[in-house]
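Report on one structure; see the data block that follows.
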Amino acid sequence: MSELTTLESLLEMGFERNRAEKAVANTGNQGIEQAMDWLMEHENDPDIDEPFVPPVGNVLGGEVDSQSSTEQPTLADTAEETAGGDYENDEDSKQPMTEEEKREQVKRLEELMRVKQAERRERERAEEVEREKQRRRQGQELQQIRQKLQDDDMKKLAEQRRREKMEDKLARQRVKEKIARDREERAQKFGGGGTPSTAATSQLAQPSPSSPTSQGPPPTKKEYDESRIQVRMLDGSTITTVFKAQEPLAAVRVYVQMNGNTPEGQDFTLLSPYPRHVYTELDMEKPLKELGLVPSAVLVVTKK
């Protein structure tokens, strides 16, 4: 009983001749397992079904028979029993396989191919799992990079807002300091100018030598150096504070701008309800004492 050649085995298993010949040629006719491995690896090649042209002098699927080219035995050779016996044994060893033996061998080869295909599927599945793991790792790394960039942007934005708030706070502080300086300058300016008028008033209060003496000294007028001002806002609410008597009315206006609830940019003026008197821009430079707002007064905010 002789075994099927690799090419015959592949043909018996149902492979196309072109594919089988290429598998045998590319594996060097090393056996059925190598040929099947080659077929499974190259089954998607675009030229797998093109006819195979073997090199000159190469016959695929054949077995080398050292005695195939030997001539038929001569009469002298047939006379020798030993030679004749060897010839018969050689012929017996080359008897073709029966159909049952062929089916058995094909069955074994098909089982081998199923095992190879199962191994290939398992290998491809493992490779697919590894690719999926790699894809997920890359996705996680990309997400981490995006999160880091987003965190950096948020930090930069928070730092920018903090700087803006600090700059705004410093700007407001500078404005308050300037208002305070202006208030002090005005107080010094009008406070110094009001001294002569006070002296003149005190001189007028004294009786002249030529005037007749009255019965006893005149009552002494109390001098106030502070004024308690209550300001009624546009919405009816009130704010109250104390000013120096020599501070100008403009100081009251600045206080209302900083502490009142007047809309930003709203222009307003002040007036006294009893007796009604609307204060002008010229009055803003006059001390509270000169305007008769000492020791206390009520002012009303009105729109211009």
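All residue names refer to the structure tokens as shown: chains lettered A, B, ... in order, residues numbered from 1 in each chain, ligands numbered from 1 in order.
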
Show which residues sit within 10 Å of stretch 257-260 of chain A, as an mmCIF file with N, CA and C atoms, in the first residue's frame. Count only C-alpha atoms, and ignore same-chain residues fewer than 2 positions away.
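Saved as selection.cif:
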data_model
loop_
_atom_site.group_PDB
_atom_site.id
_atom_site.type_symbol
_atom_site.label_atom_id
_atom_site.label_comp_id
_atom_site.auth_asym_id
_atom_site.auth_seq_id
_atom_site.Cartn_x
_atom_site.Cartn_y
_atom_site.Cartn_z
ATOM 1 N N LYS A 176 -10.836 105.074 45.808
ATOM 2 C CA LYS A 176 -11.202 105.478 47.162
ATOM 3 C C LYS A 176 -10.136 106.380 47.778
ATOM 4 N N ILE A 179 -10.477 109.787 46.293
ATOM 5 C CA ILE A 179 -11.617 110.521 46.848
ATOM 6 C C ILE A 179 -11.278 111.027 48.254
ATOM 7 N N VAL A 231 -29.528 111.528 54.629
ATOM 8 C CA VAL A 231 -29.829 111.673 53.201
ATOM 9 C C VAL A 231 -30.899 110.671 52.826
ATOM 10 N N ARG A 232 -31.961 111.191 52.220
ATOM 11 C CA ARG A 232 -33.043 110.325 51.760
ATOM 12 C C ARG A 232 -32.811 110.027 50.277
ATOM 13 N N MET A 233 -32.727 108.704 49.931
ATOM 14 C CA MET A 233 -32.412 108.286 48.567
ATOM 15 C C MET A 233 -33.649 108.332 47.684
ATOM 16 N N LEU A 234 -33.442 108.002 46.403
ATOM 17 C CA LEU A 234 -34.534 108.045 45.431
ATOM 18 C C LEU A 234 -35.624 107.030 45.747
ATOM 19 N N SER A 237 -35.213 105.078 50.926
ATOM 20 C CA SER A 237 -34.321 104.658 52.010
ATOM 21 C C SER A 237 -33.433 105.824 52.436
ATOM 22 N N THR A 238 -32.855 105.701 53.619
ATOM 23 C CA THR A 238 -32.043 106.797 54.149
ATOM 24 C C THR A 238 -30.688 106.261 54.586
ATOM 25 N N ILE A 239 -29.682 107.137 54.489
ATOM 26 C CA ILE A 239 -28.355 106.843 55.026
ATOM 27 C C ILE A 239 -27.934 108.048 55.872
ATOM 28 N N ALA A 251 -18.485 116.719 49.721
ATOM 29 C CA ALA A 251 -18.151 115.502 50.460
ATOM 30 C C ALA A 251 -19.393 114.656 50.704
ATOM 31 N N VAL A 252 -20.532 115.322 50.950
ATOM 32 C CA VAL A 252 -21.787 114.587 51.119
ATOM 33 C C VAL A 252 -22.172 113.901 49.813
ATOM 34 N N ARG A 253 -21.966 114.603 48.734
ATOM 35 C CA ARG A 253 -22.308 114.038 47.415
ATOM 36 C C ARG A 253 -21.455 112.794 47.121
ATOM 37 N N VAL A 254 -20.157 112.882 47.409
ATOM 38 C CA VAL A 254 -19.270 111.738 47.172
ATOM 39 C C VAL A 254 -19.671 110.558 48.052
ATOM 40 N N TYR A 255 -20.053 110.848 49.291
ATOM 41 C CA TYR A 255 -20.480 109.779 50.199
ATOM 42 C C TYR A 255 -21.720 109.075 49.670
ATOM 43 N N THR A 262 -27.880 104.631 44.281
ATOM 44 C CA THR A 262 -28.195 105.287 43.008
ATOM 45 C C THR A 262 -27.570 104.503 41.872
ATOM 46 N N PRO A 263 -28.253 104.344 40.748
ATOM 47 C CA PRO A 263 -27.690 103.608 39.613
ATOM 48 C C PRO A 263 -26.387 104.253 39.146
ATOM 49 N N GLU A 264 -25.502 103.395 38.686
ATOM 50 C CA GLU A 264 -24.208 103.888 38.218
ATOM 51 C C GLU A 264 -24.407 104.789 36.995
ATOM 52 N N GLY A 265 -23.817 105.939 37.038
ATOM 53 C CA GLY A 265 -23.961 106.901 35.946
ATOM 54 C C GLY A 265 -25.152 107.834 36.109
ATOM 55 N N GLN A 266 -25.960 107.602 37.155
ATOM 56 C CA GLN A 266 -27.133 108.455 37.376
ATOM 57 C C GLN A 266 -26.679 109.802 37.954
ATOM 58 N N ASP A 267 -27.030 110.880 37.276
ATOM 59 C CA ASP A 267 -26.685 112.221 37.757
ATOM 60 C C ASP A 267 -27.796 112.715 38.688
ATOM 61 N N PHE A 268 -27.403 113.286 39.822
ATOM 62 C CA PHE A 268 -28.398 113.728 40.802
ATOM 63 C C PHE A 268 -27.898 114.997 41.485
#

Query raised in the report: Skipping near chain neighbours, those fewer than 3 positions away, what residues fall within 6 Å of stretch 270-272 of chain A using only C-alpha atoms, listed as number ranges by chain?
Result: A: 276-279, 299-301

Would you save the residues of that selection, restricted to N, CA and C atoms, as a compact mmCIF listing (two decimals), in the first residue's frame?
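Just written: selection_33.txt:
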# COMPACT_ATOMS: atom_id res chain seq x y z
N ARG A 276 -37.28 124.66 51.39
CA ARG A 276 -36.84 124.00 50.16
C ARG A 276 -35.75 124.82 49.51
N HIS A 277 -34.64 124.13 49.26
CA HIS A 277 -33.52 124.80 48.60
C HIS A 277 -32.75 123.75 47.79
N VAL A 278 -32.63 123.97 46.52
CA VAL A 278 -31.89 123.08 45.64
C VAL A 278 -30.45 123.59 45.56
N TYR A 279 -29.51 122.74 45.89
CA TYR A 279 -28.12 123.14 45.91
C TYR A 279 -27.52 123.01 44.51
N LEU A 299 -31.21 115.98 53.94
CA LEU A 299 -31.09 116.27 52.51
C LEU A 299 -31.82 115.20 51.72
N VAL A 300 -32.29 115.58 50.55
CA VAL A 300 -33.04 114.67 49.69
C VAL A 300 -32.31 114.58 48.35
N VAL A 301 -32.17 113.36 47.86
CA VAL A 301 -31.56 113.13 46.54
C VAL A 301 -32.64 113.24 45.48

Residue neighbourhood A:Pro275, 12 Å, only C-alpha atoms, exclusion window fewer than 6 positions, as a JSON list (two decimals) with N, CA, C and O atoms, in the first residue's frame:
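In the end it all went to out-v5.json:
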[["chain", "number", "residue", "atom", "x", "y", "z"],
["A", 292, "GLY", "N", -25.58, 126.32, 56.49],
["A", 292, "GLY", "CA", -26.58, 126.16, 57.54],
["A", 292, "GLY", "C", -26.98, 124.73, 57.78],
["A", 292, "GLY", "O", -28.10, 124.47, 58.22],
["A", 293, "LEU", "N", -26.08, 123.80, 57.51],
["A", 293, "LEU", "CA", -26.38, 122.38, 57.69],
["A", 293, "LEU", "C", -25.74, 121.82, 58.95],
["A", 293, "LEU", "O", -25.57, 120.61, 59.08],
["A", 297, "ALA", "N", -28.89, 118.04, 59.61],
["A", 297, "ALA", "CA", -29.73, 118.44, 58.48],
["A", 297, "ALA", "C", -30.22, 117.19, 57.78],
["A", 297, "ALA", "O", -29.66, 116.11, 57.92],
["A", 298, "VAL", "N", -31.32, 117.41, 57.06],
["A", 298, "VAL", "CA", -31.89, 116.35, 56.23],
["A", 298, "VAL", "C", -31.81, 116.81, 54.79],
["A", 298, "VAL", "O", -32.32, 117.89, 54.45],
["A", 299, "LEU", "N", -31.21, 115.98, 53.94],
["A", 299, "LEU", "CA", -31.09, 116.27, 52.51],
["A", 299, "LEU", "C", -31.82, 115.20, 51.72],
["A", 299, "LEU", "O", -31.91, 114.04, 52.16]]

Query raised in the report: Which one is closest to A:Glu290: A:Thr27, A:Gln150, A:Gln34, A:Gln246? Count only C-alpha atoms.
Result: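 Checking each candidate against A:Glu290, we get A:Gln246 as the closest.
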
Report task. Determine, counting only C-alpha atoms, which protein, DNA and RNA residues have an atom within 12 Å of an atom of stretch 8-20 of chain A; residues of the same chain fewer than 6 positions away are not included. Present the result as a PyMOL selection string. Result -> chain A and resi 26-27+29+31-54+60-63+99+102-114

Written selection (C-alpha atoms) as a short mmCIF file (atom, residue, chain, number, x, y, z; two decimals), in the first residue's frame:
data_model
loop_
_atom_site.label_atom_id
_atom_site.label_comp_id
_atom_site.auth_asym_id
_atom_site.auth_seq_id
_atom_site.Cartn_x
_atom_site.Cartn_y
_atom_site.Cartn_z
CA ASN A 26 6.15 27.08 -2.26
CA THR A 27 6.69 24.62 0.62
CA ASN A 29 7.07 19.48 -1.20
CA GLY A 31 4.53 17.45 3.46
CA ILE A 32 0.79 17.91 3.70
CA GLU A 33 0.88 19.96 6.94
CA GLN A 34 3.20 22.59 5.53
CA ALA A 35 1.14 22.77 2.34
CA MET A 36 -2.13 23.25 4.28
CA ASP A 37 -0.51 25.93 6.46
CA TRP A 38 0.56 27.75 3.33
CA LEU A 39 -2.92 27.52 1.82
CA MET A 40 -4.61 28.90 4.93
CA GLU A 41 -2.15 31.78 5.16
CA HIS A 42 -2.43 32.72 1.46
CA GLU A 43 -6.09 31.92 0.76
CA ASN A 44 -6.87 35.63 0.34
CA ASP A 45 -4.04 36.35 -2.08
CA PRO A 46 -5.37 37.96 -5.30
CA ASP A 47 -3.40 35.57 -7.56
CA ILE A 48 -4.07 32.36 -5.61
CA ASP A 49 -6.26 30.89 -8.39
CA GLU A 50 -4.00 31.81 -11.30
CA PRO A 51 -2.42 28.85 -13.10
CA PHE A 52 0.94 27.77 -11.68
CA VAL A 53 3.81 27.26 -14.12
CA PRO A 54 6.43 24.99 -12.50
CA LEU A 60 4.89 18.39 -8.72
CA GLY A 61 3.40 15.61 -6.70
CA GLY A 62 5.60 12.90 -8.20
CA GLU A 63 7.75 10.51 -6.29
CA GLU A 99 -10.85 3.32 -2.18
CA LYS A 102 -7.98 6.64 0.21
CA ARG A 103 -11.08 7.64 2.16
CA GLU A 104 -9.30 6.87 5.43
CA GLN A 105 -6.31 8.99 4.48
CA VAL A 106 -8.52 11.83 3.26
CA LYS A 107 -10.46 11.62 6.52
CA ARG A 108 -7.23 11.94 8.50
CA LEU A 109 -6.16 14.90 6.38
CA GLU A 110 -9.50 16.63 6.76
CA GLU A 111 -9.32 16.16 10.52
CA LEU A 112 -5.83 17.63 10.45
CA MET A 113 -7.10 20.58 8.44
CA ARG A 114 -9.95 21.16 10.88
#

Query raised in the report: What residues in stretch 1-42 of chain A get the DSSP label helix (DSSP H, G or I)? Please answer as a list of chain:residue names.
Result: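 Reading the DSSP output for stretch 1-42 of chain A, helix (DSSP H, G or I) covers A:Thr6, A:Leu7, A:Glu8, A:Ser9, A:Leu10, A:Leu11, A:Glu12, A:Arg17, A:Asn18, A:Arg19, A:Ala20, A:Glu21, A:Lys22, A:Ala23, A:Val24, A:Ala25, A:Asn26, A:Ile32, A:Glu33, A:Gln34, A:Ala35, A:Met36, A:Asp37, A:Trp38, A:Leu39, A:Met40, A:Glu41.
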
Report task. Pick out the closest residue to A:Ser227 from this set: A:Lys289, A:Lys189, A:Lys148, A:Arg161. Count only C-alpha atoms. Result -> A:Lys289

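Put simply, atom CA of A:Thr240 is 13.2 Å away from atom CA of A:Pro295.
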
Query - Coordinates-based distance that separates atom CA of A:Leu288 from atom CA of A:Ile229 (Å, one decimal) - result: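 Atom-to-atom, atom CA of A:Ile229 and atom CA of A:Leu288 are spaced 9.7 Å apart.
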
Report task. Rounded to one decimal place, report the atom CA of A:Thr302-atom CA of A:Gln230 distance in Å. Result ->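 Those two atoms sit 14.3 Å apart.
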